[in-house]
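With TSV, C-alpha atoms inside, this is coords_35.tsv:
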```tsv
chain	number	residue	atom	x	y	z
O	19	MET	CA	-18.95	16.95	-35.88
O	20	SER	CA	-16.08	15.41	-33.93
O	21	LYS	CA	-13.49	13.40	-35.81
O	22	ALA	CA	-13.37	9.66	-35.50
O	23	ASP	CA	-10.65	8.02	-33.42
O	24	TYR	CA	-7.67	7.13	-35.63
O	25	TYR	CA	-7.24	3.69	-34.06
O	26	GLU	CA	-10.91	2.87	-34.58
O	27	LEU	CA	-10.68	3.99	-38.21
O	28	LEU	CA	-7.89	1.49	-38.83
O	29	GLY	CA	-9.40	-1.20	-36.66
O	30	ALA	CA	-6.16	-1.38	-34.65
O	31	SER	CA	-5.43	-1.38	-30.92
O	32	LYS	CA	-3.51	1.46	-29.27
O	33	ASN	CA	-0.68	-0.98	-28.55
O	34	ALA	CA	-0.35	-2.07	-32.19
O	35	ASP	CA	3.20	-2.10	-33.52
O	36	GLU	CA	4.27	-0.75	-36.92
O	37	ARG	CA	3.60	-4.02	-38.72
O	38	GLU	CA	0.13	-4.42	-37.22
O	39	LEU	CA	-0.76	-0.82	-38.09
O	40	LYS	CA	0.32	-1.31	-41.69
O	41	SER	CA	-1.66	-4.53	-42.02
O	42	ALA	CA	-4.76	-2.91	-40.54
O	43	PHE	CA	-4.39	0.08	-42.87
O	44	ARG	CA	-4.16	-2.08	-45.99
O	45	LYS	CA	-7.20	-4.07	-45.00
O	46	MET	CA	-9.34	-1.00	-44.32
O	47	ALA	CA	-8.02	0.92	-47.35
O	48	MET	CA	-8.89	-1.90	-49.75
O	49	LYS	CA	-12.29	-2.34	-48.13
O	50	HIS	CA	-13.28	1.33	-48.45
O	51	HIS	CA	-11.44	2.35	-51.64
O	52	PRO	CA	-13.80	4.32	-53.96
O	53	ASP	CA	-12.89	2.10	-56.91
O	54	ARG	CA	-14.30	-0.89	-55.05
O	55	ASN	CA	-17.37	1.01	-53.82
O	56	PRO	CA	-18.69	2.94	-56.86
O	57	ASP	CA	-22.22	3.05	-55.46
O	58	ASP	CA	-21.18	4.39	-52.04
O	59	ALA	CA	-21.10	8.20	-52.01
O	60	GLY	CA	-19.28	8.25	-48.68
O	61	ALA	CA	-16.51	5.83	-49.67
O	62	GLU	CA	-14.11	8.54	-50.80
O	63	ALA	CA	-14.44	10.51	-47.55
O	64	LYS	CA	-14.00	7.33	-45.52
O	65	PHE	CA	-10.93	6.40	-47.57
O	66	LYS	CA	-9.39	9.83	-46.95
O	67	GLU	CA	-10.02	9.50	-43.21
O	68	ILE	CA	-8.28	6.12	-43.18
O	69	ASN	CA	-5.28	7.54	-45.04
O	70	GLU	CA	-5.10	10.50	-42.66
O	71	ALA	CA	-5.18	8.19	-39.63
O	72	TYR	CA	-2.36	6.03	-40.99
O	73	GLU	CA	-0.22	9.06	-41.92
O	74	VAL	CA	-0.34	10.16	-38.26
O	75	LEU	CA	0.02	6.81	-36.53
O	76	LYS	CA	2.89	5.50	-38.68
O	77	ASP	CA	5.04	8.48	-37.60
O	78	PRO	CA	6.39	7.87	-34.03
O	79	GLN	CA	6.45	11.56	-33.08
O	80	LYS	CA	2.99	12.33	-34.48
O	81	ARG	CA	1.61	9.17	-32.88
O	82	ALA	CA	3.05	10.21	-29.49
O	83	ALA	CA	1.46	13.64	-29.84
O	84	TYR	CA	-1.90	12.10	-30.86
O	85	ASP	CA	-1.83	9.59	-27.97
O	86	GLN	CA	-1.38	12.46	-25.49
O	87	TYR	CA	-3.59	15.18	-26.95
O	88	GLY	CA	-5.81	13.46	-29.51
O	89	HIS	CA	-6.94	15.50	-32.53
O	90	ALA	CA	-6.14	18.72	-30.64
O	91	ALA	CA	-2.44	18.06	-31.29
O	92	PHE	CA	-2.96	18.86	-34.98
O	93	GLU	CA	-5.57	21.60	-34.87
O	94	GLN	CA	-3.20	24.58	-35.17
O	95	GLY	CA	-0.81	24.80	-38.07
O	96	GLY	CA	-1.27	21.15	-38.87
O	97	GLY	CA	-1.31	21.57	-42.61
O	98	GLY	CA	-3.41	18.45	-43.03
O	99	PHE	CA	-2.31	15.04	-44.23
O	100	GLY	CA	-2.16	13.56	-47.69
O	101	GLY	CA	-3.91	10.51	-48.91
O	102	GLY	CA	-6.61	11.38	-51.43
O	103	ALA	CA	-8.48	8.71	-53.27
O	104	GLY	CA	-5.99	7.58	-55.90
O	105	GLY	CA	-6.40	4.58	-58.20
O	106	PHE	CA	-6.98	1.20	-56.65
O	107	SER	CA	-3.60	0.02	-58.03
O	108	ASP	CA	-1.81	2.47	-55.70
O	109	ILE	CA	-2.41	0.31	-52.66
O	110	PHE	CA	-1.45	-2.92	-54.43
O	111	GLU	CA	1.68	-1.19	-55.74
O	112	ASP	CA	2.92	-0.76	-52.18
O	113	ILE	CA	2.18	-4.39	-51.34
O	114	PHE	CA	3.66	-5.97	-54.46
O	115	GLY	CA	6.53	-3.48	-54.58
O	116	GLU	CA	7.79	-4.76	-51.23
O	117	MET	CA	7.25	-8.40	-52.18
O	118	MET	CA	9.32	-7.94	-55.36
O	119	GLY	CA	12.01	-5.67	-54.01
O	120	GLY	CA	10.48	-2.33	-54.99
O	121	GLY	CA	11.61	-0.87	-51.69
O	122	ALA	CA	10.49	2.72	-52.16
O	123	GLY	CA	6.75	2.04	-52.06
O	124	ARG	CA	4.50	5.08	-52.27
O	125	ARG	CA	5.82	7.08	-49.35
O	126	GLY	CA	5.48	10.72	-50.23
O	127	GLY	CA	4.38	9.86	-53.78
O	128	GLY	CA	1.74	12.58	-53.93
O	129	ALA	CA	4.27	15.31	-53.08
O	130	ARG	CA	7.07	13.96	-55.28
O	131	SER	CA	4.98	13.83	-58.41
O	132	SER	CA	4.78	17.63	-58.22
O	133	GLY	CA	8.49	17.99	-57.53
O	134	ARG	CA	7.92	19.12	-53.94
O	135	GLU	CA	8.76	17.15	-50.83
O	136	ARG	CA	7.54	17.88	-47.34
O	137	GLY	CA	10.30	18.86	-44.96
O	138	ALA	CA	11.33	16.64	-42.07
O	139	ASP	CA	9.92	17.06	-38.58
O	140	LEU	CA	12.45	18.33	-36.03
O	141	ARG	CA	12.92	17.64	-32.34
O	142	TYR	CA	14.19	20.14	-29.76
O	143	ASN	CA	14.90	19.17	-26.15
O	144	MET	CA	14.13	21.98	-23.72
O	145	GLU	CA	14.68	22.09	-19.96
O	146	VAL	CA	12.75	24.53	-17.76
O	147	SER	CA	12.79	25.23	-14.03
O	148	LEU	CA	9.98	24.23	-11.70
O	149	GLU	CA	9.26	27.93	-11.15
O	150	ASP	CA	8.81	28.43	-14.92
O	151	ALA	CA	6.58	25.36	-15.07
O	152	PHE	CA	4.50	26.89	-12.24
O	153	ASN	CA	4.16	30.38	-13.70
O	154	GLY	CA	4.44	29.64	-17.41
O	155	LYS	CA	6.72	31.65	-19.66
O	156	SER	CA	7.58	32.66	-23.19
O	157	ALA	CA	11.06	31.49	-24.17
O	158	GLU	CA	13.18	31.98	-27.26
O	159	ILE	CA	15.07	29.04	-28.73
O	160	SER	CA	17.61	28.80	-31.53
O	161	VAL	CA	17.09	25.89	-33.90
O	162	PRO	CA	19.50	24.99	-36.72
O	163	THR	CA	17.30	23.89	-39.60
O	164	ALA	CA	16.88	23.90	-43.36
O	165	VAL	CA	15.07	26.97	-44.66
O	166	GLY	CA	13.96	27.90	-48.16
O	167	CYS	CA	16.73	29.26	-50.35
O	168	GLU	CA	16.16	32.97	-51.00
O	169	THR	CA	18.36	33.02	-54.11
O	170	CYS	CA	16.17	30.61	-56.10
O	171	SER	CA	12.97	31.07	-54.05
O	172	GLY	CA	13.10	27.40	-53.13
O	173	SER	CA	12.96	26.03	-56.68
O	174	GLY	CA	16.53	24.69	-56.64
O	175	ALA	CA	17.16	26.08	-60.11
O	176	LYS	CA	19.55	28.91	-60.93
O	177	PRO	CA	17.75	32.28	-61.14
O	178	GLY	CA	16.49	32.75	-64.68
O	179	SER	CA	16.11	29.00	-65.26
O	180	SER	CA	13.51	26.42	-64.26
O	181	PRO	CA	13.36	22.68	-63.58
O	182	VAL	CA	12.62	20.61	-66.68
O	183	THR	CA	10.43	17.57	-67.13
O	184	CYS	CA	12.20	14.27	-66.47
O	185	ASN	CA	12.77	12.37	-69.71
O	186	THR	CA	12.75	8.97	-68.00
O	187	CYS	CA	9.27	9.15	-66.48
O	188	GLY	CA	7.81	11.96	-68.57
O	189	GLY	CA	7.07	14.03	-65.49
O	190	VAL	CA	5.01	11.38	-63.71
O	191	GLY	CA	7.66	10.57	-61.14
O	192	ARG	CA	7.11	6.86	-61.50
O	193	VAL	CA	8.08	4.20	-64.02
O	194	ARG	CA	6.20	0.98	-64.75
O	195	ALA	CA	7.87	-2.39	-65.12
O	196	SER	CA	6.34	-5.80	-65.90
O	197	GLN	CA	7.24	-8.68	-63.61
O	198	GLY	CA	5.50	-11.94	-64.45
O	199	PHE	CA	1.74	-11.47	-64.22
O	200	PHE	CA	2.04	-8.07	-62.56
O	201	SER	CA	2.80	-4.61	-63.83
O	202	VAL	CA	4.43	-2.70	-60.98
O	203	GLU	CA	5.13	1.01	-60.66
O	204	ARG	CA	8.26	2.22	-58.90
O	205	THR	CA	9.80	5.58	-58.10
O	206	CYS	CA	11.69	7.02	-61.06
O	207	PRO	CA	15.44	6.55	-60.43
O	208	GLU	CA	16.34	9.62	-62.50
O	209	CYS	CA	14.28	12.27	-60.67
O	210	GLN	CA	13.66	10.32	-57.41
O	211	GLY	CA	9.91	10.66	-57.94
O	212	ARG	CA	9.85	14.43	-58.40
O	213	GLY	CA	8.87	14.30	-62.06
O	214	GLU	CA	11.40	16.96	-62.99
O	215	VAL	CA	15.15	17.50	-62.94
O	216	ILE	CA	17.32	20.56	-62.57
O	217	SER	CA	19.84	20.98	-65.35
O	218	ASP	CA	21.22	24.30	-64.03
O	219	PRO	CA	21.17	24.17	-60.19
O	220	CYS	CA	21.28	27.18	-57.89
O	221	SER	CA	24.82	27.92	-56.73
O	222	ASP	CA	23.74	28.62	-53.13
O	223	CYS	CA	21.61	25.55	-52.41
O	224	HIS	CA	23.06	23.24	-55.09
O	225	GLY	CA	19.63	22.35	-56.41
O	226	GLN	CA	18.05	21.46	-53.07
O	227	GLY	CA	15.93	24.58	-52.79
O	228	ARG	CA	16.94	25.01	-49.15
O	229	VAL	CA	19.95	25.97	-47.04
O	230	THR	CA	20.85	25.38	-43.39
O	231	LYS	CA	20.47	28.32	-41.03
O	232	GLU	CA	19.82	28.94	-37.35
O	233	ARG	CA	16.33	30.22	-36.63
O	234	THR	CA	15.10	31.94	-33.47
O	235	LEU	CA	11.61	30.92	-32.41
O	236	SER	CA	9.36	31.90	-29.52
O	237	VAL	CA	7.85	29.08	-27.47
O	238	ASP	CA	4.98	29.60	-25.03
O	239	ILE	CA	5.28	27.36	-21.96
O	240	PRO	CA	1.82	27.08	-20.34
O	241	ALA	CA	1.52	27.18	-16.56
O	242	GLY	CA	1.34	23.68	-15.08
O	243	ILE	CA	3.28	22.00	-17.89
O	244	GLU	CA	4.49	18.53	-16.88
O	245	ASP	CA	7.75	16.72	-17.46
O	246	GLY	CA	7.85	14.86	-20.78
O	247	VAL	CA	5.14	16.90	-22.51
O	248	ARG	CA	5.65	17.61	-26.22
O	249	ILE	CA	4.73	20.94	-27.75
O	250	ARG	CA	4.11	20.94	-31.51
O	251	LEU	CA	4.85	23.99	-33.62
O	252	GLY	CA	3.19	23.34	-36.95
O	253	GLY	CA	5.20	24.35	-40.01
O	254	GLU	CA	8.30	25.26	-38.00
O	255	GLY	CA	10.30	22.18	-38.95
O	256	GLU	CA	12.64	21.69	-41.86
O	257	ALA	CA	11.73	23.43	-45.11
O	258	GLY	CA	10.51	21.15	-47.89
O	259	ALA	CA	12.73	20.43	-50.86
O	260	ARG	CA	12.16	22.63	-53.93
O	261	GLY	CA	9.38	24.68	-52.39
O	262	GLY	CA	7.64	21.80	-50.63
O	263	PRO	CA	5.70	22.35	-47.38
O	264	PRO	CA	7.73	22.50	-44.16
O	265	GLY	CA	7.68	19.86	-41.47
O	266	ASP	CA	6.76	20.43	-37.83
O	267	LEU	CA	8.90	21.20	-34.79
O	268	TYR	CA	8.33	19.16	-31.63
O	269	ILE	CA	9.53	20.64	-28.33
O	270	PHE	CA	10.23	17.91	-25.75
O	271	LEU	CA	10.09	19.46	-22.29
O	272	SER	CA	11.83	18.29	-19.14
O	273	ILE	CA	11.61	19.89	-15.68
O	274	LYS	CA	14.81	20.57	-13.75
O	275	SER	CA	15.10	19.03	-10.29
O	276	HIS	CA	14.38	21.54	-7.49
O	277	GLU	CA	16.32	22.26	-4.34
O	278	PHE	CA	13.29	21.95	-2.05
O	279	PHE	CA	10.31	20.51	-3.89
O	280	GLN	CA	9.60	17.17	-5.57
O	281	ARG	CA	6.67	16.93	-7.95
O	282	ASP	CA	4.09	14.23	-8.51
O	283	GLY	CA	1.53	15.39	-11.06
O	284	ALA	CA	0.01	18.58	-9.68
O	285	ASP	CA	1.16	17.89	-6.10
O	286	LEU	CA	4.41	19.04	-4.51
O	287	PHE	CA	6.33	17.39	-1.67
O	288	CYS	CA	8.89	18.93	0.66
O	289	LYS	CA	10.88	17.45	3.58
O	290	ILE	CA	11.61	19.87	6.41
O	291	PRO	CA	13.84	19.10	9.43
O	292	ILE	CA	12.62	20.17	12.87
O	293	SER	CA	14.36	20.03	16.23
O	294	MET	CA	13.74	17.32	18.77
O	295	ALA	CA	12.33	19.93	21.16
O	296	THR	CA	9.86	21.22	18.56
O	297	ALA	CA	8.73	17.68	17.77
O	298	ALA	CA	8.25	16.90	21.47
O	299	LEU	CA	6.81	20.20	22.72
O	300	GLY	CA	5.10	21.45	19.57
O	301	GLY	CA	5.74	24.62	17.64
O	302	GLN	CA	5.41	26.16	14.21
O	303	PHE	CA	7.41	27.20	11.14
O	304	GLU	CA	6.88	28.97	7.81
O	305	VAL	CA	7.20	27.46	4.35
O	306	ALA	CA	7.91	29.45	1.16
O	307	CYS	CA	5.58	28.42	-1.68
O	308	LEU	CA	6.01	28.68	-5.44
O	309	ASP	CA	3.24	31.29	-5.64
O	310	SER	CA	5.58	33.69	-3.73
O	311	THR	CA	3.59	33.41	-0.52
O	312	LYS	CA	4.44	31.91	2.87
O	313	SER	CA	2.35	29.34	4.70
O	314	ARG	CA	2.54	28.64	8.41
O	315	VAL	CA	2.65	25.03	9.57
O	316	LYS	CA	1.70	24.20	13.17
O	317	VAL	CA	3.48	21.20	14.69
O	318	PRO	CA	1.44	19.49	17.42
O	319	GLU	CA	3.05	18.16	20.58
O	320	GLY	CA	4.58	14.69	20.17
O	321	THR	CA	4.96	14.83	16.37
O	322	GLN	CA	6.88	11.87	14.96
O	323	THR	CA	9.33	11.79	12.05
O	324	GLY	CA	7.51	11.30	8.74
O	325	LYS	CA	4.37	13.17	9.78
O	326	GLN	CA	2.81	14.90	6.75
O	327	PHE	CA	0.98	18.22	6.70
O	328	ARG	CA	-1.19	19.11	3.70
O	329	LEU	CA	-1.41	22.66	2.38
O	330	ARG	CA	-4.38	22.75	0.02
O	331	GLY	CA	-4.02	24.62	-3.26
O	332	LYS	CA	-0.31	25.28	-2.78
O	333	GLY	CA	0.85	22.80	-5.39
O	334	MET	CA	1.20	23.16	-9.18
O	335	PRO	CA	-1.50	24.68	-11.40
O	336	ILE	CA	-3.48	22.14	-13.40
O	337	MET	CA	-3.32	22.79	-17.16
O	338	ARG	CA	-6.53	24.00	-18.79
O	339	SER	CA	-8.05	24.43	-15.34
O	340	SER	CA	-8.25	27.06	-12.59
O	341	ASP	CA	-7.44	24.43	-9.95
O	342	PHE	CA	-4.16	23.76	-8.18
O	343	GLY	CA	-2.62	20.71	-6.59
O	344	ASP	CA	-1.56	20.48	-2.94
O	345	LEU	CA	1.74	20.89	-1.13
O	346	TYR	CA	2.65	18.11	1.31
O	347	ILE	CA	5.13	18.94	4.08
O	348	GLN	CA	6.89	15.98	5.70
O	349	VAL	CA	8.75	16.72	8.93
O	350	VAL	CA	11.95	14.91	9.90
O	351	THR	CA	13.08	15.13	13.52
O	352	GLU	CA	16.75	16.07	13.73
O	353	THR	CA	18.86	14.36	16.41
O	354	PRO	CA	20.97	16.90	18.34
O	355	GLN	CA	24.72	16.85	17.63
O	356	ASN	CA	27.87	18.36	19.18
O	357	LEU	CA	26.34	18.42	22.66
O	358	SER	CA	27.88	20.47	25.43
O	359	LYS	CA	28.54	18.91	28.83
O	360	ARG	CA	25.45	20.53	30.30
O	361	GLN	CA	23.24	19.44	27.38
O	362	ARG	CA	24.47	15.89	27.75
O	363	GLU	CA	23.73	15.94	31.50
O	364	LEU	CA	20.21	17.18	30.87
O	365	LEU	CA	19.53	14.50	28.29
O	366	GLU	CA	20.89	11.80	30.55
O	367	GLU	CA	18.68	13.08	33.34
O	368	PHE	CA	15.70	13.12	31.01
O	369	GLU	CA	16.44	9.54	29.98
O	370	GLU	CA	16.54	8.44	33.63
O	371	ILE	CA	13.15	9.91	34.47
O	372	SER	CA	11.49	8.80	31.20
O	373	SER	CA	8.89	6.04	31.23
O	374	LYS	CA	7.36	3.79	28.63
O	375	GLU	CA	4.54	6.34	28.27
O	376	ASN	CA	7.06	8.81	26.85
O	377	ASN	CA	8.24	6.37	24.15
O	378	PRO	CA	5.28	4.05	23.46
O	379	GLU	CA	6.39	3.18	19.92
O	380	SER	CA	9.89	1.97	20.80
O	381	GLU	CA	8.59	0.28	23.96
O	382	GLY	CA	6.00	-1.66	21.95
O	383	PHE	CA	8.48	-2.55	19.22
O	384	PHE	CA	11.06	-4.10	21.55
O	385	LYS	CA	8.34	-5.97	23.43
O	386	ARG	CA	7.19	-7.54	20.15
O	387	MET	CA	10.78	-8.28	19.19
O	388	LYS	CA	11.35	-10.09	22.51
O	389	SER	CA	8.24	-12.22	21.96
O	390	PHE	CA	9.50	-13.09	18.48
O	391	LEU	CA	12.91	-14.19	19.79
O	392	ASP	CA	11.27	-16.25	22.54
O	393	SER	CA	9.14	-18.06	19.94
O	394	LEU	CA	12.25	-18.97	17.94
O	395	ALA	CA	13.86	-20.47	21.05
O	396	ASP	CA	10.86	-22.74	21.78
```
Show me this structure written as structure tokens.
Amino acid sequence: MSKADYYELLGASKNADERELKSAFRKMAMKHHPDRNPDDAGAEAKFKEINEAYEVLKDPQKRAAYDQYGHAAFEQGGGGFGGGAGGFSDIFEDIFGEMMGGGAGRRGGGARSSGRERGADLRYNMEVSLEDAFNGKSAEISVPTAVGCETCSGSGAKPGSSPVTCNTCGGVGRVRASQGFFSVERTCPECQGRGEVISDPCSDCHGQGRVTKERTLSVDIPAGIEDGVRIRLGGEGEAGARGGPPGDLYIFLSIKSHEFFQRDGADLFCKIPISMATAALGGQFEVACLDSTKSRVKVPEGTQTGKQFRLRGKGMPIMRSSDFGDLYIQVVTETPQNLSKRQRELLEEFEEISSKENNPESEGFFKRMKSFLDSLAD
């Protein structure tokens, strides 16, 4: 069964800002929380769906990927999203915590209580040529990122030792404080919500469970990729703290400008200069295409500057399709320069014997211009 649209789950529009998303999430989460719907067997599943939707849409990079590809953006290596059905007080804790200066809220609370934090998502800007975008390619990139510490196996503790339970929160990762009529939970200031502390940290990672290294990754660029597309590599982001799950790596692609072709979607455009004689008498020329073939373009007699010729199927491949765009050739008539004496004489002679039938466009334009000037004088 197909998954429900994240925006519909939250009851929010696709143009909703961060504040509107958060408000919509709270409203739907309270409405469908299992504690408030004990007789509804599907409440827990609905609540998890709502949490999953908000986890994606509140993150700008994940939201951008979802807006472009939908659920397909998270189908491979996604790792899933948190947000199980916790106690009903969890949602109010976030609301009241902000009202009373709690600040930290519940962000990442599920991971911190086990001492493991998900790694950050990373962004990599990659530029490819138009030829590579046409053919597709496999490229290797080097990304400096945090990886799990091999010395302590990501635990952050010195080999032979282990993290110990936090005395302040008793391993829960949160402490409760009474404020007026409310009892509010906040992140434990001693262990930062992890529930445990490291008394003897690893000398290589200094208790973080990760170190910074440069990683080499292979990226598959599909044929027909467009400028601005983001490619998500699930689990290839920054390693999580103390053995936590890694984040994702987002590849932001841009296409280099080309010497001959301009691109608009799957179509290509190319301006080609032709001589005045070819434009007047007709002729032909060959065009090199990105598929390594040549196409012949026939220029009819009397072709004007700006005339376009369409070469079907000679544009860019369309992603997830066997179809191709078109190539549009626009001719520009080149005015002769550096004329010899004889060439000048011939052109002057041609001008003398020319009639309005030879230049109907300019003849009509100046006639209309004269009528316009006459009307201003009246």
Open item on the list: Excluding Pro318 in chain O and its own-chain neighbours fewer than 3 positions away, which residues fall within 10 Å of it when counting all atoms listed in the file? Please give them as number ranges by chain.
Closed with: O: 296-302, 315, 321-322
Task: Cys170 in chain O environment, 8 Å, only C-alpha atoms, sequence neighbours closer than 4 positions dropped, as a ChimeraX atom specification - done: /O:174-177,220,227
Write the residues of the selection above to a file with C-alpha atoms, as a PDB file, keeping the file's coordinate frame.
```pdb
ATOM      1  CA  GLY O 174      16.530  24.690 -56.640  1.00  0.00           C
ATOM      2  CA  ALA O 175      17.160  26.080 -60.110  1.00  0.00           C
ATOM      3  CA  LYS O 176      19.550  28.910 -60.930  1.00  0.00           C
ATOM      4  CA  PRO O 177      17.750  32.280 -61.140  1.00  0.00           C
ATOM      5  CA  CYS O 220      21.280  27.180 -57.890  1.00  0.00           C
ATOM      6  CA  GLY O 227      15.930  24.580 -52.790  1.00  0.00           C
TER       7      GLY O 227
END
```
Which polymer residues have any atom within 12 Å of an atom of Asp85 in chain O, counting all atoms listed in the file, with same-chain residues fewer than 6 positions away left out, as a PDB file with C-alpha atoms, in the coordinates of the input?
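Final output, saved to out_16.pdb:
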```pdb
ATOM      1  CA  ASP O  23     -10.650   8.020 -33.420  1.00  0.00           C
ATOM      2  CA  TYR O  24      -7.670   7.130 -35.630  1.00  0.00           C
ATOM      3  CA  TYR O  25      -7.240   3.690 -34.060  1.00  0.00           C
ATOM      4  CA  SER O  31      -5.430  -1.380 -30.920  1.00  0.00           C
ATOM      5  CA  LYS O  32      -3.510   1.460 -29.270  1.00  0.00           C
ATOM      6  CA  ASN O  33      -0.680  -0.980 -28.550  1.00  0.00           C
ATOM      7  CA  VAL O  74      -0.340  10.160 -38.260  1.00  0.00           C
ATOM      8  CA  LEU O  75       0.020   6.810 -36.530  1.00  0.00           C
ATOM      9  CA  ASP O  77       5.040   8.480 -37.600  1.00  0.00           C
ATOM     10  CA  PRO O  78       6.390   7.870 -34.030  1.00  0.00           C
ATOM     11  CA  GLN O  79       6.450  11.560 -33.080  1.00  0.00           C
ATOM     12  CA  ALA O  91      -2.440  18.060 -31.290  1.00  0.00           C
ATOM     13  CA  PHE O  92      -2.960  18.860 -34.980  1.00  0.00           C
ATOM     14  CA  VAL O 247       5.140  16.900 -22.510  1.00  0.00           C
ATOM     15  CA  ARG O 248       5.650  17.610 -26.220  1.00  0.00           C
TER      16      ARG O 248
END
```
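The shell of residues at most 10 Å from Glu232 in chain O, with all atoms listed in the file counted and near chain neighbours (fewer than 3 positions) removed, consists of Ile159, Ser160, Val161, Pro162, Thr163, Ala164, Val165 and Leu235 of chain O.
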Task: Nearest residue to Arg44 in chain O from the set O:Leu27, O:Cys288, O:Leu271, O:Ala157 (distances using all atoms listed in the file) - done: O:Leu27
Task: For Glu277 in chain O: contacts at 12 Å, only C-alpha atoms, fewer than 6 positions along chain excluded, given as an MDAnalysis selection string - done: chainID O and resid 147:149 287:290
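Counting all atoms listed in the file, the residue from O:Arg338, O:Phe303, O:Leu28, O:Met294 that sits nearest to Thr351 in chain O is O:Met294.
Picture a line from CA of Asp282 in chain O to CA of Ala82 in chain O; it runs 21.4 Å.
Remark: for Lys21 in chain O, the closest of the candidate residues O:His51, O:His89, O:Lys40, O:Ser339 is O:His89 (distances computed over only C-alpha atoms).
Separating CA of Thr205 in chain O from CA of Ala138 in chain O is a distance of 19.5 Å.
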Open item on the list: Between O:Gly178, O:Gly283, O:Gly211, O:Gly255, which residue has the minimum interatomic distance to Gly166 in chain O, considering only C-alpha atoms?
Closed with: O:Gly255
- [ ] Calculate how many Å separate CA of Glu36 in chain O from CA of Tyr72 in chain O, rounding to one decimal.
- [x] 10.3 Å
Open item on the list: Let me make sure I understand: among O:Glu381, O:Tyr268, O:Ser389, O:Val237, which one has the smallest atom-to-atom distance to Ile249 in chain O if we use all atoms listed in the file?
Closed with: O:Tyr268
TODO: For each of O:Glu352, O:Glu367, O:Glu62, O:Asp218, take the minimum atom-to-atom distance to Ser180 in chain O, counting all atoms listed in the file, then give the residue where this is smallest.
DONE: O:Asp218
I need range 166-178 of chain O from the structure I supplied, saved as an mmCIF file, in the first residue's frame with N, CA and C atoms retained.
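So selection_12.cif came out as:
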```cif
data_model
loop_
_atom_site.group_PDB
_atom_site.id
_atom_site.type_symbol
_atom_site.label_atom_id
_atom_site.label_comp_id
_atom_site.auth_asym_id
_atom_site.auth_seq_id
_atom_site.Cartn_x
_atom_site.Cartn_y
_atom_site.Cartn_z
ATOM 1 N N GLY O 166 33.456 6.569 12.572
ATOM 2 C CA GLY O 166 33.560 5.899 13.859
ATOM 3 C C GLY O 166 35.007 5.636 14.245
ATOM 4 N N CYS O 167 35.325 5.891 15.484
ATOM 5 C CA CYS O 167 36.690 5.675 15.998
ATOM 6 C C CYS O 167 36.971 4.179 16.084
ATOM 7 N N GLU O 168 38.042 3.738 15.424
ATOM 8 C CA GLU O 168 38.387 2.316 15.439
ATOM 9 C C GLU O 168 38.987 1.891 16.776
ATOM 10 N N THR O 169 39.663 2.818 17.461
ATOM 11 C CA THR O 169 40.317 2.472 18.720
ATOM 12 C C THR O 169 39.325 2.015 19.779
ATOM 13 N N CYS O 170 38.210 2.763 19.900
ATOM 14 C CA CYS O 170 37.209 2.433 20.934
ATOM 15 C C CYS O 170 35.941 1.840 20.347
ATOM 16 N N SER O 171 35.977 1.541 19.034
ATOM 17 C CA SER O 171 34.794 0.979 18.342
ATOM 18 C C SER O 171 33.585 1.890 18.448
ATOM 19 N N GLY O 172 33.830 3.186 18.555
ATOM 20 C CA GLY O 172 32.743 4.156 18.555
ATOM 21 C C GLY O 172 32.114 4.420 19.903
ATOM 22 N N SER O 173 32.589 3.763 20.961
ATOM 23 C CA SER O 173 31.964 3.948 22.273
ATOM 24 C C SER O 173 32.397 5.252 22.937
ATOM 25 N N GLY O 174 33.566 5.761 22.595
ATOM 26 C CA GLY O 174 34.095 6.971 23.208
ATOM 27 C C GLY O 174 34.898 6.695 24.467
ATOM 28 N N ALA O 175 34.818 5.463 24.970
ATOM 29 C CA ALA O 175 35.534 5.107 26.190
ATOM 30 C C ALA O 175 36.874 4.445 25.859
ATOM 31 N N LYS O 176 37.828 4.625 26.716
ATOM 32 C CA LYS O 176 39.144 4.013 26.540
ATOM 33 C C LYS O 176 39.002 2.496 26.480
ATOM 34 N N PRO O 177 39.735 1.834 25.553
ATOM 35 C CA PRO O 177 39.639 0.376 25.465
ATOM 36 C C PRO O 177 39.839 -0.282 26.832
ATOM 37 N N GLY O 178 38.963 -1.196 27.161
ATOM 38 C CA GLY O 178 39.010 -1.858 28.460
ATOM 39 C C GLY O 178 38.075 -1.247 29.473
#
```
